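Student: Handing you this structure, nothing more for now.
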Amino acid sequence: MDLFDLTLHELHTKLKTKEVSSHEATSAMLARISKCEPQINAFITVTPEKALADAAAADKRIAAGEMSCLTGIPLALKDIFLTEGILTTCGSRILDNFVPPYNATSYEKLKEQGVVLLGKLNQDEFAMGSSNESSASGVVRNPWNTDCIPGGSSGGSAAAIAARQATVTLGTDTGGSIRQPASHCGCVGLKPTYGRVSRYGVIAYASSLDQVGPITRDVTDCATMLQAIAGHDPKDSTSVNIAVPDYRAALTGDVKGLKIGLPKEYFIAGLDPDVQATMDSAIETYRRLGAEFVDISLPHTDYAVASYYLIATAEASSNLARYDGVRFGHRAEQIDGLLEMYSKTRSQGFGSEVKRRIMLGTYALSSGYYDAYYVKAQKVRTLIMRDFIQAFEGVDVILTPVAPTPAFKIGEKINDPLQMYLSDIFTIPVNLAGTCAMSIPAGLSTNGLPIGMQLIGKPFGEETILRTAHAFEQATEWHAMKAPL
Amino acid sequence: MKITTADVEYVALLARLDLSNEEKCLFAGQMDAILGYVEKLNELNTDGILPTSHAVPMENAFREDRTQPSIGVEKALANAPDPVLNFYRVPKVIE
């Protein structure tokens, strides 16, 4: 086994026993990045000098006996996280020269523990997309089949894990942007409860839905990463001041008597047969482990995509008003007056998907349509939240597919935005409800593409879904599958 | 409902986007399809349902009113497209 193949906890053990140094692990990872990048394009910026300096500092800490479980671990961040002094584009031309003056809180917390930053990962522009095809830095290819999309918007964060170009990564999830690429690339991805992790220094898309989370090789690594980034942050007034439990301690392997809900609205006719077979076999595994299944209903599921694409685009149109060419980012040249500066700057800087969503959101918020679209969508959001509250009165966890199909081909849905939006049908309700969910590897399609399953928990119920996921991982080998690369 | 290119032009002005004729036609068709799809929300009776703007119930997050260090002028201007002295320069606003 190569150093780049190791999980976080395996590498930590080797660093602790001084079997390997962070310098060696980091060098192996940088070499792996150089080898895979021409095929995968998971990174927007690689920071080898910074990585080696971080590794040297980590090795000193380890030698001094001052290591934590993350010291010396090579990781990479979605390019949506602000990193002081390091180019941060968010996959957009409008930020192609933006060097942030401060760090995102989640990165700051990891940095305090002595992690090694390998670079910044490719993503859909401003996290708007399900296929990573809207990035100004080019499409990311799925390491399992380079003709296929890796999923989005955190496509680089998942592809880098699948191609073993980083030990762990961070992504963000607004409508499925961690879980869907994790599923398509055979990784573990967690979207924490809204408010569990600080959004300070994370470039905003839809502020009432955005949340930060890890993408990792296994559930133990996922718990370790969540432990490091969770908690209240005075700089994010929407982060919640609830004590952070010990997530690693929750991984007991025991799901006896656990009540798992199967929502009928997620097991629809037309579900891909490989996805259906994967769900069936996962249910069988959990039965064997002693879990109980309960048929439930989330009756407003079918309205989630419509509600989401009004709320998210409305919030986006407001959030992205800041890109005006005044204080940072691209500014158009040869302009006549202020209004033209704004409109030319924005038209040159934003890609097609971002423009489309700004247009939709502006329309939904415009005079005469506000109540009919935006407020109506927010009322339906209330109904979707109630669905989950009622369902969780009778179950501990909800099990569903992550996506209706395995990864689709690059270019397949690029000209039909509505079809692209509908591919997020199983992940979006969780963001509207604000609760937590994760995707873990659960099968392979007949074409050899990974298929994930989604475990949805109660608000701040990350311990329960991690325990449930861990028990499955202990009983199966899916997490150990490697992309043929 | 039918989204026309005139509607698109009006919304683009509000959004401060300068769209090409090609984009106007493309967006008119796509917005029409997407807004047609979201019409399905009207199948639901939402009388008496309060809108949700935030998933986690919370009160105002107050902090102590105390001066704290800021990033400073140099860093704040470091990314400016056209900085002059301690300012961001923009085209003339008032003729």
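Within each chain, counting starts at residue 1; across the structure tokens, chains are named A, B, ... in the order shown, with ligands numbered 1 upward in that order.
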Could you write out, as a ChimeraX atom specification, all the residues of range 137-198 of chain A that DSSP marks as alpha helix (DSSP H)?

Tutor: /A:155-162,179-185

Student: For range 237-247 of chain A, list every protein, DNA or RNA residue within 10 Å, evaluated using only C-alpha atoms, and leave out those in the same chain fewer than 6 positions away; present the list as an MDAnalysis selection string.

Tutor: (chainID A and resid 193:200 207:208 220 222:231 460 462:464 466:467) or (chainID B and resid 54 56:63)

Student: Considering only C-alpha atoms, can you say which of A:Pro417, A:Gly201, A:Gly138, A:Gly176 comes closest to Tyr37 in chain B?

Tutor: A:Pro417

Student: Could you please select, counting only C-alpha atoms, the residues of chain B within 9 Å of chain A and state them as a short mmCIF file (atom, residue, chain, number, x, y, z; two decimals) with all heavy atoms, in the first residue's frame?

Tutor:
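The resulting file, selection24.cif, is reproduced below:
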data_model
loop_
_atom_site.label_atom_id
_atom_site.label_comp_id
_atom_site.auth_asym_id
_atom_site.auth_seq_id
_atom_site.Cartn_x
_atom_site.Cartn_y
_atom_site.Cartn_z
N VAL B 8 -36.83 39.13 -19.99
CA VAL B 8 -35.42 38.82 -19.71
C VAL B 8 -34.60 40.11 -19.64
O VAL B 8 -33.78 40.29 -18.74
CB VAL B 8 -34.86 37.85 -20.77
CG1 VAL B 8 -33.34 37.72 -20.64
CG2 VAL B 8 -35.50 36.48 -20.63
N VAL B 11 -35.31 41.89 -16.28
CA VAL B 11 -34.67 41.22 -15.14
C VAL B 11 -33.15 41.38 -15.20
O VAL B 11 -32.49 41.61 -14.19
CB VAL B 11 -35.08 39.72 -15.09
CG1 VAL B 11 -34.34 39.00 -13.96
CG2 VAL B 11 -36.58 39.58 -14.89
N ALA B 12 -32.59 41.33 -16.40
CA ALA B 12 -31.14 41.50 -16.56
C ALA B 12 -30.71 42.90 -16.10
O ALA B 12 -29.65 43.05 -15.48
CB ALA B 12 -30.73 41.27 -18.01
N LEU B 13 -31.54 43.90 -16.36
CA LEU B 13 -31.23 45.25 -15.90
C LEU B 13 -31.22 45.28 -14.37
O LEU B 13 -30.30 45.82 -13.75
CB LEU B 13 -32.25 46.25 -16.46
CG LEU B 13 -32.09 47.69 -15.95
CD1 LEU B 13 -30.80 48.32 -16.47
CD2 LEU B 13 -33.29 48.54 -16.36
N LEU B 14 -32.23 44.65 -13.75
CA LEU B 14 -32.28 44.60 -12.28
C LEU B 14 -31.06 43.87 -11.72
O LEU B 14 -30.53 44.24 -10.68
CB LEU B 14 -33.54 43.86 -11.81
CG LEU B 14 -34.90 44.49 -12.08
CD1 LEU B 14 -36.00 43.56 -11.58
CD2 LEU B 14 -35.02 45.85 -11.38
N ALA B 15 -30.62 42.82 -12.42
CA ALA B 15 -29.53 41.99 -11.93
C ALA B 15 -28.16 42.53 -12.35
O ALA B 15 -27.14 41.92 -12.04
CB ALA B 15 -29.70 40.55 -12.44
N ARG B 16 -28.15 43.66 -13.07
CA ARG B 16 -26.91 44.24 -13.57
C ARG B 16 -26.12 43.23 -14.39
O ARG B 16 -24.95 42.97 -14.13
CB ARG B 16 -26.05 44.77 -12.40
CG ARG B 16 -26.72 45.82 -11.55
CD ARG B 16 -26.91 47.13 -12.31
NE ARG B 16 -27.47 48.20 -11.49
CZ ARG B 16 -28.77 48.56 -11.50
NH1 ARG B 16 -29.64 47.95 -12.28
NH2 ARG B 16 -29.19 49.55 -10.73
N LEU B 17 -26.82 42.63 -15.36
CA LEU B 17 -26.17 41.73 -16.31
C LEU B 17 -26.39 42.27 -17.71
O LEU B 17 -27.48 42.75 -18.03
CB LEU B 17 -26.75 40.30 -16.20
CG LEU B 17 -26.40 39.49 -14.96
CD1 LEU B 17 -27.25 38.23 -14.88
CD2 LEU B 17 -24.92 39.14 -14.91
N ASP B 18 -25.35 42.18 -18.51
CA ASP B 18 -25.40 42.67 -19.88
C ASP B 18 -25.40 41.43 -20.79
O ASP B 18 -24.35 40.86 -21.05
CB ASP B 18 -24.16 43.55 -20.11
CG ASP B 18 -24.10 44.13 -21.50
OD1 ASP B 18 -25.17 44.20 -22.15
OD2 ASP B 18 -23.00 44.50 -21.94
N LEU B 19 -26.58 40.98 -21.18
CA LEU B 19 -26.68 39.71 -21.89
C LEU B 19 -26.64 39.91 -23.41
O LEU B 19 -27.18 40.89 -23.93
CB LEU B 19 -27.99 38.99 -21.53
CG LEU B 19 -28.22 38.68 -20.05
CD1 LEU B 19 -29.58 38.01 -19.86
CD2 LEU B 19 -27.12 37.82 -19.46
N GLU B 23 -27.92 34.92 -25.50
CA GLU B 23 -28.23 34.58 -24.10
C GLU B 23 -29.68 34.94 -23.76
O GLU B 23 -30.34 34.20 -23.04
CB GLU B 23 -27.28 35.33 -23.15
CG GLU B 23 -25.90 34.71 -23.03
CD GLU B 23 -24.96 35.53 -22.14
OE1 GLU B 23 -24.93 36.78 -22.28
OE2 GLU B 23 -24.27 34.93 -21.30
N PHE B 27 -32.07 32.15 -22.30
CA PHE B 27 -32.62 32.28 -20.95
C PHE B 27 -34.15 32.41 -20.98
O PHE B 27 -34.82 31.91 -20.07
CB PHE B 27 -31.99 33.48 -20.22
CG PHE B 27 -30.57 33.24 -19.78
CD1 PHE B 27 -29.78 34.27 -19.28
CD2 PHE B 27 -30.00 31.98 -19.86
CE1 PHE B 27 -28.47 34.05 -18.87
CE2 PHE B 27 -28.68 31.75 -19.46
CZ PHE B 27 -27.92 32.79 -18.97
N GLN B 30 -35.32 28.83 -21.24
CA GLN B 30 -35.00 28.03 -20.06
C GLN B 30 -35.75 28.51 -18.83
O GLN B 30 -36.26 27.71 -18.04
CB GLN B 30 -33.48 28.07 -19.81
CG GLN B 30 -32.71 27.28 -20.87
CD GLN B 30 -31.21 27.38 -20.69
OE1 GLN B 30 -30.70 28.32 -20.09
NE2 GLN B 30 -30.50 26.40 -21.24
N MET B 31 -35.85 29.84 -18.67
CA MET B 31 -36.60 30.37 -17.51
C MET B 31 -38.07 30.00 -17.63
O MET B 31 -38.72 29.70 -16.63
CB MET B 31 -36.44 31.89 -17.41
CG MET B 31 -35.07 32.29 -16.87
SD MET B 31 -34.80 34.08 -16.93
CE MET B 31 -35.92 34.65 -15.64
N ALA B 33 -39.26 27.28 -19.00
CA ALA B 33 -39.40 25.86 -18.63
C ALA B 33 -39.29 25.69 -17.12
O ALA B 33 -40.07 24.95 -16.50
CB ALA B 33 -38.32 25.04 -19.34
N ILE B 34 -38.33 26.37 -16.50
CA ILE B 34 -38.11 26.20 -15.06
C ILE B 34 -39.27 26.81 -14.26
O ILE B 34 -39.79 26.20 -13.33
CB ILE B 34 -36.75 26.80 -14.64
CG1 ILE B 34 -35.60 26.02 -15.30
CG2 ILE B 34 -36.58 26.76 -13.12
CD1 ILE B 34 -34.26 26.74 -15.30
N LEU B 35 -39.69 28.02 -14.65
CA LEU B 35 -40.81 28.65 -13.94
C LEU B 35 -42.11 27.88 -14.18
O LEU B 35 -42.97 27.81 -13.30
CB LEU B 35 -40.95 30.12 -14.36
CG LEU B 35 -39.79 31.01 -13.87
CD1 LEU B 35 -39.82 32.37 -14.54
CD2 LEU B 35 -39.83 31.18 -12.34
N TYR B 37 -42.16 24.64 -14.42
CA TYR B 37 -42.03 23.50 -13.49
C TYR B 37 -42.39 23.91 -12.06
O TYR B 37 -43.11 23.18 -11.36
CB TYR B 37 -40.61 22.95 -13.55
CG TYR B 37 -40.35 21.88 -12.53
CD1 TYR B 37 -40.83 20.58 -12.70
CD2 TYR B 37 -39.66 22.16 -11.35
CE1 TYR B 37 -40.63 19.60 -11.75
CE2 TYR B 37 -39.45 21.19 -10.39
CZ TYR B 37 -39.94 19.91 -10.59
OH TYR B 37 -39.73 18.94 -9.64
N VAL B 38 -41.90 25.08 -11.61
CA VAL B 38 -42.15 25.46 -10.21
C VAL B 38 -43.62 25.83 -9.96
O VAL B 38 -44.04 25.92 -8.81
CB VAL B 38 -41.21 26.60 -9.70
CG1 VAL B 38 -39.76 26.22 -9.89
CG2 VAL B 38 -41.52 27.92 -10.37
N GLU B 39 -44.38 26.01 -11.02
CA GLU B 39 -45.82 26.24 -10.86
C GLU B 39 -46.49 25.13 -10.04
O GLU B 39 -47.54 25.32 -9.45
CB GLU B 39 -46.52 26.30 -12.23
CG GLU B 39 -46.25 27.55 -13.04
CD GLU B 39 -46.85 28.80 -12.43
OE1 GLU B 39 -47.90 28.69 -11.79
OE2 GLU B 39 -46.22 29.87 -12.58
N LYS B 40 -45.84 23.95 -10.02
CA LYS B 40 -46.44 22.83 -9.29
C LYS B 40 -46.61 23.14 -7.80
O LYS B 40 -47.40 22.51 -7.11
CB LYS B 40 -45.64 21.55 -9.51
CG LYS B 40 -44.29 21.51 -8.82
CD LYS B 40 -43.50 20.29 -9.19
CE LYS B 40 -44.08 19.06 -8.56
NZ LYS B 40 -43.65 17.82 -9.15
N LEU B 41 -45.88 24.13 -7.29
CA LEU B 41 -46.05 24.51 -5.88
C LEU B 41 -47.48 24.96 -5.62
O LEU B 41 -47.98 24.86 -4.50
CB LEU B 41 -45.07 25.64 -5.51
CG LEU B 41 -43.58 25.31 -5.55
CD1 LEU B 41 -42.76 26.52 -5.15
CD2 LEU B 41 -43.24 24.14 -4.62
N ASN B 42 -48.14 25.47 -6.66
CA ASN B 42 -49.52 25.95 -6.49
C ASN B 42 -50.53 24.82 -6.30
O ASN B 42 -51.68 25.08 -5.96
CB ASN B 42 -49.92 26.85 -7.67
CG ASN B 42 -49.11 28.13 -7.66
OD1 ASN B 42 -48.81 28.66 -6.59
ND2 ASN B 42 -48.71 28.60 -8.83
N LEU B 44 -50.28 22.90 -3.92
CA LEU B 44 -50.36 22.78 -2.46
C LEU B 44 -51.10 23.97 -1.87
O LEU B 44 -50.82 25.11 -2.21
CB LEU B 44 -48.96 22.71 -1.85
CG LEU B 44 -48.11 21.50 -2.21
CD1 LEU B 44 -46.69 21.69 -1.69
CD2 LEU B 44 -48.72 20.23 -1.63
N THR B 46 -51.32 26.36 0.94
CA THR B 46 -50.43 26.82 2.02
C THR B 46 -51.07 27.92 2.86
O THR B 46 -50.38 28.69 3.51
CB THR B 46 -49.08 27.33 1.43
OG1 THR B 46 -49.36 28.28 0.39
CG2 THR B 46 -48.25 26.20 0.86
N ILE B 49 -49.95 28.65 6.56
CA ILE B 49 -48.60 28.11 6.79
C ILE B 49 -47.61 29.29 6.83
O ILE B 49 -47.61 30.12 5.94
CB ILE B 49 -48.18 27.15 5.65
CG1 ILE B 49 -49.19 26.01 5.48
CG2 ILE B 49 -46.77 26.62 5.86
CD1 ILE B 49 -49.17 24.99 6.57
N LEU B 50 -46.80 29.33 7.88
CA LEU B 50 -45.82 30.41 7.95
C LEU B 50 -44.60 30.07 7.09
O LEU B 50 -44.17 28.92 7.04
CB LEU B 50 -45.36 30.61 9.40
CG LEU B 50 -46.39 31.24 10.34
CD1 LEU B 50 -45.86 31.26 11.77
CD2 LEU B 50 -46.74 32.66 9.88
N PRO B 51 -44.05 31.06 6.39
CA PRO B 51 -42.85 30.79 5.59
C PRO B 51 -41.63 30.54 6.48
O PRO B 51 -41.53 31.12 7.56
CB PRO B 51 -42.67 32.08 4.77
CG PRO B 51 -43.43 33.13 5.49
CD PRO B 51 -44.51 32.46 6.26
N THR B 52 -40.74 29.66 6.03
CA THR B 52 -39.49 29.39 6.75
C THR B 52 -38.35 30.10 6.04
O THR B 52 -38.11 29.86 4.87
CB THR B 52 -39.19 27.88 6.78
OG1 THR B 52 -40.21 27.23 7.54
CG2 THR B 52 -37.84 27.58 7.41
N SER B 53 -37.65 30.97 6.77
CA SER B 53 -36.49 31.62 6.17
C SER B 53 -35.21 31.03 6.71
O SER B 53 -34.13 31.26 6.19
CB SER B 53 -36.52 33.13 6.42
OG SER B 53 -36.56 33.37 7.80
N HIS B 54 -35.34 30.21 7.76
CA HIS B 54 -34.17 29.72 8.46
C HIS B 54 -34.53 28.40 9.14
O HIS B 54 -35.55 28.34 9.82
CB HIS B 54 -33.77 30.77 9.51
CG HIS B 54 -32.39 30.62 9.99
ND1 HIS B 54 -31.33 31.14 9.29
CD2 HIS B 54 -31.89 30.02 11.07
CE1 HIS B 54 -30.22 30.85 9.94
NE2 HIS B 54 -30.53 30.17 11.03
N ALA B 55 -33.71 27.36 8.94
CA ALA B 55 -34.11 26.03 9.39
C ALA B 55 -33.95 25.83 10.90
O ALA B 55 -34.64 25.00 11.48
CB ALA B 55 -33.30 24.97 8.65
N VAL B 56 -33.02 26.54 11.51
CA VAL B 56 -32.76 26.33 12.93
C VAL B 56 -33.37 27.48 13.72
O VAL B 56 -33.05 28.63 13.46
CB VAL B 56 -31.24 26.26 13.20
CG1 VAL B 56 -30.96 26.02 14.67
CG2 VAL B 56 -30.62 25.16 12.35
N MET B 58 -33.66 30.28 16.09
CA MET B 58 -32.67 30.99 16.91
C MET B 58 -33.10 32.44 17.12
O MET B 58 -33.85 32.99 16.33
CB MET B 58 -31.27 30.92 16.31
CG MET B 58 -31.17 31.31 14.84
SD MET B 58 -29.46 31.44 14.30
CE MET B 58 -28.77 29.94 14.94
N ASN B 60 -31.81 36.54 18.06
CA ASN B 60 -30.72 37.40 17.64
C ASN B 60 -29.42 37.04 18.35
O ASN B 60 -29.41 36.78 19.54
CB ASN B 60 -31.06 38.86 17.96
CG ASN B 60 -31.50 39.59 16.71
OD1 ASN B 60 -31.22 39.14 15.59
ND2 ASN B 60 -32.18 40.70 16.89
N ALA B 61 -28.34 37.00 17.60
CA ALA B 61 -27.04 36.69 18.18
C ALA B 61 -26.32 37.99 18.50
O ALA B 61 -25.73 38.60 17.60
CB ALA B 61 -26.23 35.83 17.22
N PHE B 62 -26.43 38.42 19.73
CA PHE B 62 -25.76 39.66 20.12
C PHE B 62 -24.36 39.36 20.63
O PHE B 62 -24.10 38.31 21.20
CB PHE B 62 -26.56 40.37 21.22
CG PHE B 62 -27.86 40.93 20.73
CD1 PHE B 62 -29.06 40.42 21.18
CD2 PHE B 62 -27.86 41.96 19.80
CE1 PHE B 62 -30.26 40.93 20.73
CE2 PHE B 62 -29.06 42.48 19.34
CZ PHE B 62 -30.26 41.97 19.80
N ARG B 63 -23.47 40.32 20.44
CA ARG B 63 -22.15 40.22 21.07
C ARG B 63 -21.87 41.53 21.79
O ARG B 63 -22.56 42.51 21.59
CB ARG B 63 -21.08 39.91 20.05
CG ARG B 63 -20.96 40.95 18.95
CD ARG B 63 -19.75 40.69 18.08
NE ARG B 63 -19.80 41.48 16.87
CZ ARG B 63 -19.57 42.78 16.81
NH1 ARG B 63 -19.26 43.45 17.91
NH2 ARG B 63 -19.64 43.44 15.67
N ILE B 71 -8.95 44.27 9.48
CA ILE B 71 -7.83 43.82 8.63
C ILE B 71 -6.94 44.97 8.16
O ILE B 71 -5.84 44.74 7.70
CB ILE B 71 -8.32 42.99 7.41
CG1 ILE B 71 -9.29 43.79 6.55
CG2 ILE B 71 -8.90 41.67 7.83
CD1 ILE B 71 -9.55 43.12 5.20
N LYS B 75 -4.49 45.64 3.51
CA LYS B 75 -5.07 44.34 3.12
C LYS B 75 -6.42 44.52 2.43
O LYS B 75 -6.75 43.81 1.50
CB LYS B 75 -5.26 43.45 4.36
CG LYS B 75 -4.03 42.66 4.74
CD LYS B 75 -4.38 41.73 5.88
CE LYS B 75 -3.35 40.64 6.07
NZ LYS B 75 -3.77 39.71 7.14
N ALA B 76 -7.20 45.49 2.92
CA ALA B 76 -8.54 45.70 2.35
C ALA B 76 -8.45 46.18 0.90
O ALA B 76 -9.33 45.90 0.10
CB ALA B 76 -9.31 46.70 3.20
N LEU B 77 -7.38 46.87 0.58
CA LEU B 77 -7.22 47.40 -0.78
C LEU B 77 -6.41 46.47 -1.69
O LEU B 77 -6.30 46.73 -2.88
CB LEU B 77 -6.55 48.78 -0.73
CG LEU B 77 -7.43 49.96 -0.32
CD1 LEU B 77 -6.57 51.21 -0.18
CD2 LEU B 77 -8.54 50.20 -1.33
N ALA B 78 -5.83 45.44 -1.10
CA ALA B 78 -4.89 44.60 -1.87
C ALA B 78 -5.53 43.98 -3.11
O ALA B 78 -4.86 43.74 -4.11
CB ALA B 78 -4.31 43.51 -0.97
N ASN B 79 -6.84 43.70 -3.07
CA ASN B 79 -7.51 43.07 -4.21
C ASN B 79 -8.27 44.09 -5.08
O ASN B 79 -8.96 43.70 -6.02
CB ASN B 79 -8.51 42.03 -3.72
CG ASN B 79 -7.84 40.72 -3.34
OD1 ASN B 79 -7.40 39.97 -4.21
ND2 ASN B 79 -7.71 40.46 -2.06
N ALA B 80 -8.15 45.37 -4.76
CA ALA B 80 -8.95 46.38 -5.47
C ALA B 80 -8.48 46.52 -6.92
O ALA B 80 -7.28 46.61 -7.17
CB ALA B 80 -8.86 47.71 -4.75
N PRO B 81 -9.41 46.54 -7.88
CA PRO B 81 -9.03 46.70 -9.28
C PRO B 81 -8.39 48.06 -9.55
O PRO B 81 -7.53 48.17 -10.42
CB PRO B 81 -10.36 46.58 -10.04
CG PRO B 81 -11.32 45.93 -9.10
CD PRO B 81 -10.87 46.30 -7.72
N ASP B 82 -8.82 49.11 -8.83
CA ASP B 82 -8.32 50.45 -9.11
C ASP B 82 -8.22 51.26 -7.82
O ASP B 82 -9.02 52.17 -7.58
CB ASP B 82 -9.26 51.13 -10.13
CG ASP B 82 -8.69 52.45 -10.63
OD1 ASP B 82 -7.50 52.75 -10.35
OD2 ASP B 82 -9.44 53.19 -11.30
N PRO B 83 -7.23 50.95 -6.96
CA PRO B 83 -7.11 51.69 -5.71
C PRO B 83 -6.37 53.02 -5.92
O PRO B 83 -5.44 53.08 -6.71
CB PRO B 83 -6.27 50.76 -4.83
CG PRO B 83 -5.46 49.96 -5.80
CD PRO B 83 -6.20 49.90 -7.10
N TYR B 88 -11.27 53.15 -3.16
CA TYR B 88 -11.59 52.39 -4.37
C TYR B 88 -12.06 53.41 -5.42
O TYR B 88 -13.05 54.10 -5.18
CB TYR B 88 -12.74 51.40 -4.12
CG TYR B 88 -12.49 50.41 -3.02
CD1 TYR B 88 -13.09 50.55 -1.77
CD2 TYR B 88 -11.68 49.30 -3.25
CE1 TYR B 88 -12.89 49.63 -0.77
CE2 TYR B 88 -11.48 48.36 -2.24
CZ TYR B 88 -12.08 48.53 -1.00
OH TYR B 88 -11.88 47.61 -0.01
N ARG B 89 -11.39 53.50 -6.54
CA ARG B 89 -11.83 54.44 -7.56
C ARG B 89 -12.83 53.78 -8.50
O ARG B 89 -12.64 52.66 -8.95
CB ARG B 89 -10.64 54.95 -8.38
CG ARG B 89 -11.08 55.97 -9.45
CD ARG B 89 -9.96 56.85 -9.89
NE ARG B 89 -8.88 56.08 -10.51
CZ ARG B 89 -7.72 56.63 -10.86
NH1 ARG B 89 -7.49 57.93 -10.65
NH2 ARG B 89 -6.77 55.89 -11.40
N VAL B 90 -13.93 54.49 -8.78
CA VAL B 90 -14.96 54.00 -9.71
C VAL B 90 -15.28 55.13 -10.69
O VAL B 90 -14.95 56.29 -10.44
CB VAL B 90 -16.25 53.56 -8.97
CG1 VAL B 90 -16.00 52.37 -8.08
CG2 VAL B 90 -16.86 54.72 -8.19
N PRO B 91 -15.95 54.81 -11.81
CA PRO B 91 -16.35 55.87 -12.74
C PRO B 91 -17.25 56.89 -12.04
O PRO B 91 -17.93 56.56 -11.06
CB PRO B 91 -17.12 55.13 -13.83
CG PRO B 91 -16.66 53.72 -13.74
CD PRO B 91 -16.33 53.47 -12.31
N LYS B 92 -17.27 58.08 -12.57
CA LYS B 92 -18.06 59.18 -12.02
C LYS B 92 -19.52 58.75 -11.83
O LYS B 92 -20.14 58.19 -12.74
CB LYS B 92 -18.03 60.33 -13.03
CG LYS B 92 -17.96 61.68 -12.41
CD LYS B 92 -17.85 62.70 -13.53
CE LYS B 92 -17.45 64.04 -13.02
NZ LYS B 92 -17.27 64.98 -14.14
N VAL B 93 -20.07 58.99 -10.63
CA VAL B 93 -21.45 58.60 -10.34
C VAL B 93 -22.42 59.73 -10.71
O VAL B 93 -23.47 59.49 -11.28
CB VAL B 93 -21.61 58.23 -8.85
CG1 VAL B 93 -23.04 57.86 -8.54
CG2 VAL B 93 -20.65 57.10 -8.49
#

Student: Grab the CA of Tyr370 in chain A to CA of Arg322 in chain A distance for me, in Å with one decimal place.

Tutor: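 So the two atoms, CA of Tyr370 in chain A and CA of Arg322 in chain A, lie 21.3 Å apart.
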
Student: What does the distance between CA of Tyr323 in chain A and CA of Met128 in chain A come to in Å, to one decimal place?

Tutor: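 The value is 15.7 Å.
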